[in-house]
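Trainee: Once you've had a glance at the structure underneath, I'll fire off some questions.
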Amino acid sequence: MLYTAHFGAAVLGCYLIALAMLRSRWPASSPTIAILCWQGVGLAVGLSAIGIPLSIGLAPYAEPPGTSLRLLAEDLAGGRLPAELGVGHLALISVGLGVGAVLFWSTGSSLRHAFRARQRQRDLLALVARADPAAPGALVLDHPSATAYCVPGLRPRVVISAGALSLLPRAELAAVLSHEQAHAKERHDLVLLPFTALVRALPGVTWVVRALAAVALLVEMRADDRARRQHTDELLAAALARFATAPSRATPAGMLAAADHDIVARVRRLRAPLGPTPLAAMAALTASTMLAMLPIALFLA
Amino acid sequence: MTRLGELERAVMDVLWDRSGPATVREVVDALDGRDLAYTTVMTVLDRLAGKGMVERERHGRAWSYLPAAGRDAYIAQLMLDALDLAGERDAALVRFARSVTGDEADVLRAALEAGGTTTGGGTPSGKSRDKA
């Protein structure tokens, strides 16, 4: 039960860090550190979800989970299980391995889904998008609504609509393109992947959905910060505000309310100067690194 | 863009510009200036059919091809993906921003005016970084 307690402690620690990150202001000022913390938390929770049932089931071996698993495999191969290992234990071991399989499967399924959607995007873009000297390095879609997005991958595409081209002054357009190129260059799709996979594995679980929303916003902030290196904060903030308030002609009003506050948060932080890294951010990074190490160590032990 | 991609686009443009289905021969003739072999165009049409971009039907001894959807329909489809109407945040695309409505839009409009960014000239005028 000692090892189960360790996994349980890791989950509790993750809960506290996640709670702190959702309530504090520092993630908005240090999005990169916050993204790393979320990755650590995600990894620790995933491994602990496997580890808790598994370690209860393996308790009769009285060894760390890694060693116990190896002993179990040897016993199964030899065809004789220890007498203390009952049906209940075996059931819990199966649950643990099952959780692992579900997490693995949902990650693969998220990857497949994204891969197919991007292939479709690239195929269609090749047929209907055009290059435009006004938007160097980007593909232009002739549509009156304003949008800009990135199709991530090994051959990324930055896409901007004709509506956005006419909406934005040239300098703001350049800032928007830098933002999208940052998404492509830093593979923010892979940063989001573990969380989209978790949402897929646990649909409707509020905490997982909130974590994904938080990471998605942090990734936008990170891309904003990359764009800020080459463009002024005002340009980016103005582009965001202009974008968000542009009348959308593709969608009825009121349908896209889900992420509204995200844009306000991004504009607000662009209007505040970048300060030194807060102590709380460093503390959270240290804590989440240790939390991620704990279940890994248990599985290796 | 690859040469094949460019050809696919040219072939689709031919099909979109015609009102009805076209045979391979008709597409080759429409792409007269490019001096393409019949088999090349057939291969491109095959690929497009494989991707579901064109549909083919038999007319007597020859196949004729027509676009599965109009150019505008494809653009609309891409835009719907981009605007994330389905609301499922997945890692397939990463968007800059979405349209907002009501109070949030007012807040942003106010922020835009307060920022006083005059970028009409197209160059970053007044690189004022003097925010408190």
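In the structure tokens, each chain is lettered A, B, ... as it comes, each chain's residues begin at 1, and ligands are numbered from 1 in order of appearance.
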Give me, as a VMD selection string, all polymer residues having an atom no more than 12 Å from B:Arg3, counting only C-alpha atoms and skipping those fewer than 6 positions away in the same chain.
Mentor: (chain A and resid 126) or (chain B and resid 9 to 10 40 44)
Trainee: Please dump the current selection as a short mmCIF file (atom, residue, chain, number, x, y, z; two decimals), in the first residue's frame; keep all heavy atoms.
Mentor:
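Written file, again.cif:
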```cif
data_model
loop_
_atom_site.label_atom_id
_atom_site.label_comp_id
_atom_site.auth_asym_id
_atom_site.auth_seq_id
_atom_site.Cartn_x
_atom_site.Cartn_y
_atom_site.Cartn_z
N ALA A 126 -4.46 23.37 -51.35
CA ALA A 126 -3.71 23.30 -52.61
C ALA A 126 -4.62 23.63 -53.79
O ALA A 126 -4.15 24.16 -54.80
CB ALA A 126 -3.11 21.92 -52.78
N ARG B 9 -4.52 21.48 -59.31
CA ARG B 9 -5.24 22.74 -59.20
C ARG B 9 -5.71 23.21 -60.59
O ARG B 9 -6.86 23.64 -60.75
CB ARG B 9 -4.31 23.78 -58.58
CG ARG B 9 -5.00 25.05 -58.24
CD ARG B 9 -3.99 26.07 -57.76
NE ARG B 9 -4.66 27.31 -57.58
CZ ARG B 9 -4.84 27.89 -56.40
NH1 ARG B 9 -4.37 27.34 -55.32
NH2 ARG B 9 -5.49 29.03 -56.31
N ALA B 10 -4.84 23.09 -61.57
CA ALA B 10 -5.20 23.52 -62.93
C ALA B 10 -6.36 22.68 -63.46
O ALA B 10 -7.29 23.21 -64.07
CB ALA B 10 -3.98 23.39 -63.85
N THR B 40 -1.04 11.77 -68.39
CA THR B 40 -0.74 12.62 -67.22
C THR B 40 -2.03 13.17 -66.63
O THR B 40 -2.26 13.09 -65.42
CB THR B 40 0.17 13.80 -67.64
OG1 THR B 40 1.28 13.28 -68.35
CG2 THR B 40 0.64 14.57 -66.44
N VAL B 44 -3.80 12.53 -62.96
CA VAL B 44 -4.19 13.61 -62.05
C VAL B 44 -5.67 13.47 -61.68
O VAL B 44 -6.05 13.58 -60.51
CB VAL B 44 -3.90 14.98 -62.70
CG1 VAL B 44 -4.50 16.09 -61.86
CG2 VAL B 44 -2.41 15.19 -62.86
#
```
Trainee: If we count only C-alpha atoms and set the cut-off at 8 Å, which residues sit around A:Ala301, ignoring sequence neighbours fewer than 3 positions away in its own chain? Please answer as a PDB file with N, CA and C atoms, in the first residue's frame.
Mentor:
```pdb
ATOM      1  N   PRO A  64       8.535  -2.577  -5.184  1.00  0.00           N
ATOM      2  CA  PRO A  64       8.087  -1.424  -5.971  1.00  0.00           C
ATOM      3  C   PRO A  64       7.377  -1.885  -7.256  1.00  0.00           C
ATOM      4  N   PRO A  65       6.502  -1.021  -7.839  1.00  0.00           N
ATOM      5  CA  PRO A  65       5.691  -1.428  -8.989  1.00  0.00           C
ATOM      6  C   PRO A  65       6.515  -1.994 -10.146  1.00  0.00           C
ATOM      7  N   GLY A  66       7.663  -1.380 -10.451  1.00  0.00           N
ATOM      8  CA  GLY A  66       8.471  -1.866 -11.565  1.00  0.00           C
ATOM      9  C   GLY A  66       8.916  -3.304 -11.353  1.00  0.00           C
ATOM     10  N   THR A  67       9.492  -3.562 -10.174  1.00  0.00           N
ATOM     11  CA  THR A  67       9.968  -4.912  -9.840  1.00  0.00           C
ATOM     12  C   THR A  67       8.804  -5.898  -9.793  1.00  0.00           C
ATOM     13  N   ALA A 297       9.730   7.228 -11.408  1.00  0.00           N
ATOM     14  CA  ALA A 297      10.678   6.504 -10.547  1.00  0.00           C
ATOM     15  C   ALA A 297      10.049   5.215 -10.021  1.00  0.00           C
ATOM     16  N   LEU A 298       8.759   5.300  -9.657  1.00  0.00           N
ATOM     17  CA  LEU A 298       8.088   4.110  -9.119  1.00  0.00           C
ATOM     18  C   LEU A 298       8.005   2.998 -10.166  1.00  0.00           C
TER      19      LEU A 298
END
```
Trainee: Can you pull out the residues contacting stretch 20-32 of chain B? Cut-off 6 Å, using only C-alpha atoms, and skip same-chain residues under 2 positions away; I want them as a list in words.
Mentor: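 Everything that qualifies: Arg18, Arg34, Asp35, Ser64, Tyr65 and Leu66 of chain B.
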Trainee: Could you work out how far atom CA of A:Ser29 lies from atom CA of A:Thr277, giving the answer in Å with one decimal?
Mentor: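 Rounded to one decimal, the two atoms are 7.7 Å apart.
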Trainee: Go through A:Asp142, A:Glu63, A:Glu220, A:Glu234 and flag the residue nearest A:Ala182, using only C-alpha atoms for the distances.
Mentor: A:Glu220
Trainee: Enumerate as a VMD selection string all residues of stretch 77-266 of chain A assigned to alpha helix (DSSP H) by DSSP on the backbone, naming them with the chain letters and numbers the document uses.
Mentor: chain A and resid 77 to 78 87 to 128 162 to 167 170 to 185 188 to 201 206 to 228 233 to 245 260 to 266
Trainee: Report as a PyMOL selection string all protein, DNA and RNA residues lying within 8 Å of A:Ala138, evaluated on only C-alpha atoms, omitting residues in the same chain fewer than 2 positions from it.
Mentor: chain A and resi 131-132+135-136+140+157-160+177
Trainee: Within 12 Å of B:Asp46, counting only C-alpha atoms, which residues show up once you throw out same-chain ones fewer than 4 positions away? Write them as number ranges by chain, please.
Mentor: B: 8, 11, 24, 39-42, 50-56, 63-66
Trainee: Nearest residue to chain B out of A:Ala114, A:Ala184, A:Ala164, A:Ile56, using only C-alpha atoms?
Mentor: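 Of the candidates, the smallest distance to chain B is held by A:Ala114.
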Trainee: Could you jot down the atom CA of A:Glu74 to atom CA of A:Ile52 separation for me, Å, one decimal place?
Mentor: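 Between atom CA of A:Glu74 and atom CA of A:Ile52 the gap works out to 21.6 Å.
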Trainee: Atom CA of A:Ala174 and atom CA of A:Asp189, how far apart in Å?
Mentor: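 Computing it gives 21.7 Å between the two atoms.
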Trainee: Hey, which of A:Ala77, A:Leu97, A:Val208, A:Ala216 ends up closest to chain B? Count only C-alpha atoms.
Mentor: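 Once distances to chain B are computed over only C-alpha atoms, the minimum belongs to A:Ala216.
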Trainee: Taking only C-alpha atoms into account, name the residue in A:Ile33, A:Leu85, A:Ile17, A:Leu141 that is nearest to B:Tyr74.
Mentor: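 Looking only at the distances to B:Tyr74, the closest residue turns out to be A:Leu141.
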Trainee: Nearest residue to chain A out of B:Leu45, B:Ala69, B:Leu4, B:Met12, using only C-alpha atoms?
Mentor: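 Closest to chain A of all the choices is B:Met12.
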Trainee: At a cut-off of 10 Å, using only C-alpha atoms, what residues contact A:Met293? Leave out same-chain residues fewer than 4 positions from it and give the result as a list in words.
Mentor: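 Near neighbours after the sequence-gap exclusion: Ala10, Gly40, Leu43, Ala44, Ala287, Ser288, Thr289, Ala297 and Leu298 of chain A.
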